[in-house]
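Q: This is input_16.cif (mmCIF, C-alpha atoms).
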data_target
#
loop_
_atom_site.group_PDB
_atom_site.id
_atom_site.type_symbol
_atom_site.label_atom_id
_atom_site.label_comp_id
_atom_site.auth_asym_id
_atom_site.auth_seq_id
_atom_site.Cartn_x
_atom_site.Cartn_y
_atom_site.Cartn_z
ATOM 1 C CA MET F 1 0.000 0.000 0.000
ATOM 2 C CA ILE F 2 2.478 2.621 -0.925
ATOM 3 C CA VAL F 3 2.088 5.307 -3.449
ATOM 4 C CA THR F 4 4.371 6.618 -6.163
ATOM 5 C CA ARG F 5 3.982 9.661 -8.385
ATOM 6 C CA GLU F 6 1.742 8.003 -10.858
ATOM 7 C CA TYR F 7 1.938 4.332 -10.142
ATOM 8 C CA GLY F 8 3.245 1.733 -7.683
ATOM 9 C CA ILE F 9 3.379 -1.676 -6.087
ATOM 10 C CA THR F 10 3.709 -1.758 -2.364
ATOM 11 C CA THR F 11 4.930 -4.463 -0.088
ATOM 12 C CA ILE F 12 4.301 -4.249 3.639
ATOM 13 C CA GLU F 13 5.423 -7.279 5.536
ATOM 14 C CA ARG F 14 7.063 -8.857 8.567
ATOM 15 C CA SER F 15 5.128 -6.954 11.141
ATOM 16 C CA SER F 16 5.862 -8.354 14.605
ATOM 17 C CA LEU F 17 3.579 -7.858 17.576
ATOM 18 C CA MET F 18 4.531 -7.859 21.234
ATOM 19 C CA LEU F 19 2.435 -10.317 23.230
ATOM 20 C CA THR F 20 -0.001 -8.763 25.695
ATOM 21 C CA ARG F 21 -0.379 -9.810 29.333
ATOM 22 C CA ILE F 22 -3.581 -11.708 28.521
ATOM 23 C CA GLN F 23 -1.943 -13.558 25.635
ATOM 24 C CA VAL F 24 1.068 -14.547 27.747
ATOM 25 C CA SER F 25 -1.235 -15.699 30.562
ATOM 26 C CA ILE F 26 -3.216 -17.895 28.157
ATOM 27 C CA ILE F 27 -0.052 -19.452 26.730
ATOM 28 C CA VAL F 28 1.259 -20.229 30.230
ATOM 29 C CA ALA F 29 -2.105 -21.664 31.293
ATOM 30 C CA LEU F 30 -2.292 -23.762 28.136
ATOM 31 C CA THR F 31 1.232 -25.060 28.702
ATOM 32 C CA MET F 32 0.463 -26.107 32.286
ATOM 33 C CA SER F 33 -2.835 -27.694 31.251
ATOM 34 C CA VAL F 34 -1.222 -29.742 28.490
ATOM 35 C CA ALA F 35 1.525 -30.932 30.852
ATOM 36 C CA LEU F 36 -0.929 -32.005 33.550
ATOM 37 C CA LEU F 37 -3.250 -33.678 31.032
ATOM 38 C CA TRP F 38 -0.381 -35.614 29.512
ATOM 39 C CA LEU F 39 0.739 -36.822 32.937
ATOM 40 C CA LEU F 40 -2.799 -37.889 33.880
ATOM 41 C CA LEU F 41 -3.178 -39.826 30.646
ATOM 42 C CA ARG F 42 0.068 -41.648 31.388
ATOM 43 C CA GLY F 43 -0.924 -42.285 35.000
ATOM 44 C CA ALA F 44 2.085 -40.385 36.361
ATOM 45 C CA ASP F 45 2.231 -38.152 39.414
ATOM 46 C CA PRO F 46 2.637 -34.430 38.618
ATOM 47 C CA THR F 47 6.118 -33.991 40.116
ATOM 48 C CA ILE F 48 8.857 -31.664 38.951
ATOM 49 C CA GLY F 49 10.682 -34.551 37.349
ATOM 50 C CA SER F 50 7.635 -35.881 35.509
ATOM 51 C CA VAL F 51 6.731 -32.414 34.269
ATOM 52 C CA ALA F 52 10.290 -31.933 32.990
ATOM 53 C CA ALA F 53 10.087 -35.274 31.188
ATOM 54 C CA THR F 54 7.056 -34.097 29.236
ATOM 55 C CA PHE F 55 8.688 -30.831 28.194
ATOM 56 C CA GLY F 56 9.232 -31.766 24.540
ATOM 57 C CA THR F 57 5.656 -32.956 24.048
ATOM 58 C CA VAL F 58 4.185 -29.918 25.787
ATOM 59 C CA VAL F 59 6.256 -27.490 23.731
ATOM 60 C CA THR F 60 5.191 -29.182 20.501
ATOM 61 C CA VAL F 61 1.484 -29.113 21.379
ATOM 62 C CA VAL F 62 1.503 -25.517 22.638
ATOM 63 C CA TYR F 63 3.580 -24.282 19.714
ATOM 64 C CA GLY F 64 1.186 -25.944 17.299
ATOM 65 C CA ALA F 65 -1.826 -24.373 19.023
ATOM 66 C CA VAL F 66 -0.248 -20.905 19.018
ATOM 67 C CA LEU F 67 0.773 -21.273 15.363
ATOM 68 C CA LEU F 68 -2.725 -22.311 14.281
ATOM 69 C CA PHE F 69 -4.233 -19.411 16.219
ATOM 70 C CA SER F 70 -1.763 -16.942 14.702
ATOM 71 C CA LEU F 71 -2.445 -18.146 11.157
ATOM 72 C CA PHE F 72 -6.182 -18.841 11.174
ATOM 73 C CA ALA F 73 -8.187 -18.124 14.340
ATOM 74 C CA TRP F 74 -7.018 -14.642 15.378
ATOM 75 C CA PRO F 75 -9.590 -12.714 13.246
ATOM 76 C CA TRP F 76 -12.585 -14.615 14.635
ATOM 77 C CA GLY F 77 -15.054 -12.268 16.324
ATOM 78 C CA VAL F 78 -14.973 -14.206 19.590
ATOM 79 C CA PHE F 79 -11.327 -13.198 20.099
ATOM 80 C CA GLN F 80 -11.471 -9.597 18.915
ATOM 81 C CA GLY F 81 -11.376 -6.808 21.486
ATOM 82 C CA TRP F 82 -10.164 -8.696 24.546
ATOM 83 C CA LEU F 83 -7.539 -11.135 23.229
ATOM 84 C CA VAL F 84 -6.705 -9.629 19.856
ATOM 85 C CA LYS F 85 -6.684 -5.943 18.918
ATOM 86 C CA ARG F 86 -5.773 -6.057 15.247
ATOM 87 C CA PRO F 87 -7.786 -5.200 12.123
ATOM 88 C CA ASP F 88 -8.376 -7.889 9.508
ATOM 89 C CA LEU F 89 -7.285 -6.512 6.132
ATOM 90 C CA ARG F 90 -6.885 -9.805 4.245
ATOM 91 C CA GLY F 91 -7.934 -10.057 0.625
ATOM 92 C CA SER F 92 -7.688 -7.947 -2.519
ATOM 93 C CA TRP F 93 -8.700 -4.309 -2.664
ATOM 94 C CA LYS F 94 -9.512 -1.963 -5.512
ATOM 95 C CA ALA F 95 -7.589 1.278 -5.077
ATOM 96 C CA ARG F 96 -7.449 4.788 -6.493
ATOM 97 C CA LEU F 97 -4.424 7.070 -6.103
ATOM 98 C CA HIS F 98 -4.850 10.855 -6.272
ATOM 99 C CA SER F 99 -1.497 12.643 -6.578
ATOM 100 C CA ASP F 100 -0.619 16.346 -6.670
ATOM 101 C CA TYR F 101 2.215 15.548 -9.090
ATOM 102 C CA ILE F 102 2.315 17.937 -12.051
ATOM 103 C CA ASP F 103 3.291 16.343 -15.354
ATOM 104 C CA PRO F 104 6.128 18.524 -16.725
ATOM 105 C CA LEU F 105 5.088 17.722 -20.310
ATOM 106 C CA THR F 106 1.497 18.918 -19.942
ATOM 107 C CA GLY F 107 1.753 21.232 -16.937
ATOM 108 C CA GLU F 108 -1.308 19.531 -15.475
ATOM 109 C CA ARG F 109 -1.925 17.291 -12.487
ATOM 110 C CA VAL F 110 -1.878 13.597 -13.365
ATOM 111 C CA PRO F 111 -5.316 11.903 -13.413
ATOM 112 C CA PRO F 112 -6.300 9.384 -10.699
ATOM 113 C CA ILE F 113 -4.367 6.128 -10.985
ATOM 114 C CA GLU F 114 -5.939 2.700 -10.923
ATOM 115 C CA ALA F 115 -4.350 0.236 -8.500
ATOM 116 C CA PHE F 116 -5.009 -2.991 -6.620
ATOM 117 C CA VAL F 117 -3.883 -3.855 -3.099
ATOM 118 C CA VAL F 118 -3.322 -7.476 -2.101
ATOM 119 C CA VAL F 119 -3.135 -8.240 1.626
ATOM 120 C CA ARG F 120 -1.805 -11.402 3.253
ATOM 121 C CA GLN F 121 -1.965 -11.277 7.037
ATOM 122 C CA SER F 122 -1.549 -13.322 10.202
ATOM 123 C CA LEU F 123 -1.544 -12.274 13.858
ATOM 124 C CA THR F 124 2.154 -11.395 13.700
ATOM 125 C CA SER F 125 2.760 -10.516 10.059
ATOM 126 C CA LEU F 126 1.346 -8.323 7.349
ATOM 127 C CA SER F 127 2.119 -8.303 3.624
ATOM 128 C CA MET F 128 0.434 -5.637 1.498
ATOM 129 C CA ARG F 129 1.219 -5.133 -2.168
ATOM 130 C CA LEU F 130 -0.137 -2.296 -4.234
ATOM 131 C CA PHE F 131 -0.047 -2.974 -7.966
ATOM 132 C CA THR F 132 -0.218 -0.517 -10.799
ATOM 133 C CA GLU F 133 1.153 -0.885 -14.274
ATOM 134 C CA LYS F 134 4.605 0.654 -13.936
ATOM 135 C CA SER F 135 6.409 0.234 -10.599
ATOM 136 C CA ARG F 136 6.633 -1.396 -7.199
ATOM 137 C CA SER F 137 7.399 -0.223 -3.658
ATOM 138 C CA VAL F 138 8.845 -2.192 -0.783
ATOM 139 C CA LEU F 139 8.310 -1.453 2.882
ATOM 140 C CA THR F 140 11.315 -0.540 4.999
ATOM 141 C CA ALA F 141 9.348 0.001 8.256
ATOM 142 C CA HIS F 142 5.724 -0.059 9.375
ATOM 143 C CA ALA F 143 3.367 -0.410 12.330
ATOM 144 C CA ILE F 144 -0.324 -0.984 13.051
ATOM 145 C CA GLU F 145 -1.312 0.792 16.254
ATOM 146 C CA PRO F 146 -4.632 0.778 18.178
ATOM 147 C CA GLU F 147 -5.971 4.232 18.976
ATOM 148 C CA PRO F 148 -7.619 5.237 22.319
ATOM 149 C CA ASP F 149 -11.044 5.491 20.624
ATOM 150 C CA GLY F 150 -10.886 1.915 19.319
ATOM 151 C CA LEU F 151 -9.706 2.775 15.814
ATOM 152 C CA PHE F 152 -6.382 1.758 14.273
ATOM 153 C CA SER F 153 -3.694 3.493 12.261
ATOM 154 C CA LEU F 154 -1.291 1.992 9.742
ATOM 155 C CA SER F 155 1.924 3.926 9.204
ATOM 156 C CA ALA F 156 4.728 2.920 6.853
ATOM 157 C CA VAL F 157 7.959 4.011 5.209
ATOM 158 C CA TYR F 158 8.715 2.601 1.767
ATOM 159 C CA ARG F 159 11.091 2.554 -1.199
ATOM 160 C CA ASN F 160 9.684 2.700 -4.725
ATOM 161 C CA SER F 161 11.405 1.138 -7.733
ATOM 162 C CA PRO F 162 9.837 1.715 -11.152
ATOM 163 C CA LYS F 163 10.177 -0.977 -13.781
ATOM 164 C CA ILE F 164 13.717 -0.996 -15.083
ATOM 165 C CA HIS F 165 12.903 0.326 -18.565
ATOM 166 C CA LEU F 166 11.157 3.366 -17.021
ATOM 167 C CA GLN F 167 13.958 4.369 -14.664
ATOM 168 C CA GLY F 168 15.727 7.482 -15.824
ATOM 169 C CA THR F 169 12.979 8.321 -18.293
ATOM 170 C CA GLU F 170 9.530 8.388 -16.688
ATOM 171 C CA SER F 171 10.459 7.892 -13.043
ATOM 172 C CA SER F 172 13.234 7.036 -10.596
ATOM 173 C CA ILE F 173 13.738 5.167 -7.343
ATOM 174 C CA HIS F 174 12.480 7.189 -4.394
ATOM 175 C CA HIS F 175 11.221 6.899 -0.808
ATOM 176 C CA GLY F 176 8.070 7.959 0.974
ATOM 177 C CA ALA F 177 5.741 7.572 3.949
ATOM 178 C CA LEU F 178 2.125 6.476 4.282
ATOM 179 C CA LEU F 179 -0.586 6.880 6.926
ATOM 180 C CA ILE F 180 -3.978 5.127 6.787
ATOM 181 C CA GLU F 181 -6.847 5.286 9.282
ATOM 182 C CA ILE F 182 -8.719 2.026 9.940
ATOM 183 C CA HIS F 183 -12.184 2.495 11.442
ATOM 184 C CA GLU F 184 -13.313 -1.124 11.791
ATOM 185 C CA VAL F 185 -11.912 -4.521 12.699
ATOM 186 C CA LYS F 186 -13.068 -5.835 9.299
ATOM 187 C CA PRO F 187 -13.175 -2.707 7.122
ATOM 188 C CA ARG F 188 -14.545 -2.525 3.590
ATOM 189 C CA ARG F 189 -13.227 0.938 2.785
ATOM 190 C CA LEU F 190 -9.979 2.683 3.717
ATOM 191 C CA GLU F 191 -8.516 6.111 3.113
ATOM 192 C CA GLY F 192 -5.016 7.413 3.673
ATOM 193 C CA HIS F 193 -2.373 9.960 2.739
ATOM 194 C CA TYR F 194 1.185 9.644 1.441
ATOM 195 C CA TRP F 195 4.256 11.816 0.988
ATOM 196 C CA THR F 196 7.424 11.263 -1.042
ATOM 197 C CA ASP F 197 10.968 12.600 -0.856
ATOM 198 C CA ARG F 198 10.400 14.177 -4.281
ATOM 199 C CA GLY F 199 8.009 16.700 -2.769
ATOM 200 C CA THR F 200 4.813 15.048 -3.978
ATOM 201 C CA ARG F 201 1.855 13.939 -1.892
ATOM 202 C CA GLY F 202 -1.632 12.572 -2.312
ATOM 203 C CA THR F 203 -4.409 10.309 -1.099
ATOM 204 C CA ILE F 204 -5.156 6.627 -1.498
ATOM 205 C CA LEU F 205 -8.703 5.237 -1.445
ATOM 206 C CA LEU F 206 -9.331 1.508 -1.086
ATOM 207 C CA GLU F 207 -12.471 -0.567 -1.509
ATOM 208 C CA TRP F 208 -12.449 -4.225 -0.451
ATOM 209 C CA GLY F 209 -13.049 -6.580 -3.356
ATOM 210 C CA THR F 210 -12.527 -10.278 -2.618
ATOM 211 C CA GLU F 211 -10.878 -12.768 -0.280
ATOM 212 C CA ASP F 212 -8.805 -14.071 -3.198
ATOM 213 C CA VAL F 213 -5.299 -12.693 -3.645
ATOM 214 C CA TYR F 214 -3.510 -11.967 -6.904
ATOM 215 C CA SER F 215 0.124 -11.826 -7.922
ATOM 216 C CA CYS F 216 0.077 -8.996 -10.459
ATOM 217 C CA PHE F 217 -1.837 -5.960 -11.677
ATOM 218 C CA GLU F 218 -3.200 -7.722 -14.762
ATOM 219 C CA ASP F 219 -4.744 -10.616 -12.804
ATOM 220 C CA ALA F 220 -6.401 -8.298 -10.293
ATOM 221 C CA GLN F 221 -7.675 -5.988 -13.012
ATOM 222 C CA ARG F 222 -9.137 -8.887 -14.962
ATOM 223 C CA VAL F 223 -11.189 -10.047 -11.965
ATOM 224 C CA LEU F 224 -11.959 -6.872 -10.048
ATOM 225 C CA GLY F 225 -12.184 -4.445 -12.918
ATOM 226 C CA GLN F 226 -11.357 -0.778 -12.739
ATOM 227 C CA ALA F 227 -11.412 0.705 -9.221
ATOM 228 C CA GLN F 228 -14.079 3.308 -8.668
#
Can you turn what I pasted into structure tokens?

A:
Amino acid sequence: MIVTREYGITTIERSSLMLTRIQVSIIVALTMSVALLWLLLRGADPTIGSVAATFGTVVTVVYGAVLLFSLFAWPWGVFQGWLVKRPDLRGSWKARLHSDYIDPLTGERVPPIEAFVVVRQSLTSLSMRLFTEKSRSVLTAHAIEPEPDGLFSLSAVYRNSPKIHLQGTESSIHHGALLIEIHEVKPRRLEGHYWTDRGTRGTILLEWGTEDVYSCFEDAQRVLGQAQ
């Protein structure tokens, strides 16, 4: 979800979250419960030695449970609000970029740019790619933060690399920053602003399209059509 002058592909990924007190407490409780259950099934007394002997099994079971939760169960409504405070942005979005960039050839502002955002997300990671026809951006830093009023904000810093045959002619590698407000846990529409180190800025509007994800601009455009 990063914006260039006229076009871009954005990658936002590897977002790590610090575990909350509730999450740590649940993991500890789950670990103890698995250890005691395993000992009871084996008919062993719950001593320090017997608990230590089950360490490998307990770690495997708890790790598997935490991994499954992180990958699949975290967005379920039953967990949102008290255990998980993280918006669910997964899927493919239609996007429209509005830039204040002035085309030096025409002296006019460039028209809105069609784009598609593809989001892959787990509890501890986030990958967001914004596709247009001519370039791609890669995240260098980002964060999703809960706000005091229950909303969220996504902030990011990115590097944009136009397609190689366009560098030096239509565009060049540059950096920028992005800020998006998220008003719901499962939003269907997003709006944000961006700035670049070339002195340009603009807005990005996103409309959720489908749970399917695509690997390029052409595939997304073929299925989702032109963003409104």

Q: Written as an mmCIF file with C-alpha atoms, in the coordinates of the input, which residues does the PyMOL selection byres ((chain F and resi 95) around 8) give for the file shown?

A:
data_model
loop_
_atom_site.group_PDB
_atom_site.id
_atom_site.type_symbol
_atom_site.label_atom_id
_atom_site.label_comp_id
_atom_site.auth_asym_id
_atom_site.auth_seq_id
_atom_site.Cartn_x
_atom_site.Cartn_y
_atom_site.Cartn_z
ATOM 1 C CA TRP F 93 -8.700 -4.309 -2.664
ATOM 2 C CA LYS F 94 -9.512 -1.963 -5.512
ATOM 3 C CA ARG F 96 -7.449 4.788 -6.493
ATOM 4 C CA LEU F 97 -4.424 7.070 -6.103
ATOM 5 C CA GLU F 114 -5.939 2.700 -10.923
ATOM 6 C CA ALA F 115 -4.350 0.236 -8.500
ATOM 7 C CA PHE F 116 -5.009 -2.991 -6.620
ATOM 8 C CA VAL F 117 -3.883 -3.855 -3.099
ATOM 9 C CA ILE F 204 -5.156 6.627 -1.498
ATOM 10 C CA LEU F 205 -8.703 5.237 -1.445
ATOM 11 C CA LEU F 206 -9.331 1.508 -1.086
ATOM 12 C CA GLU F 207 -12.471 -0.567 -1.509
ATOM 13 C CA ALA F 227 -11.412 0.705 -9.221
ATOM 14 C CA GLN F 228 -14.079 3.308 -8.668
#

Q: Nearest residue to Val138 in chain F out of F:Ala177, F:Val66, F:Leu166, F:Ile102, using only C-alpha atoms?

A: F:Ala177

Q: Nearest to Met128 in chain F: which of F:Val185, F:Val213, F:Ala220, F:Ile26 is it, counting all atoms listed in the file?

A: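 For Met128 in chain F, the nearest of the candidates is F:Val213.
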
Q: Restricting the calculation to all atoms listed in the file, which member of F:His165, F:Arg86, F:Arg198, F:Arg109 is positioned closest to Ile182 in chain F?

A: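 Closest residue, counting all atoms listed in the file: F:Arg86.
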
Q: So which residues get picked by the PyMOL selection byres ((chain F and resi 161) around 6) here, written as a VMD selection string?

A: chain F and resid 135 to 137 160 162 173

Q: To one decimal place, how far is CA of Leu130 in chain F from CA of Gly199 in chain F in Å?

A: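 About the pair CA of Leu130 in chain F and CA of Gly199 in chain F: they are 20.7 Å apart.
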
Q: Taking the file as I've supplied it (selection: the PyMOL selection byres ((chain F and resi 194) around 8)), which residues are included? Please answer as a PyMOL selection string.

A: chain F and resi 2-3+176-179+192-193+195-196+201-204
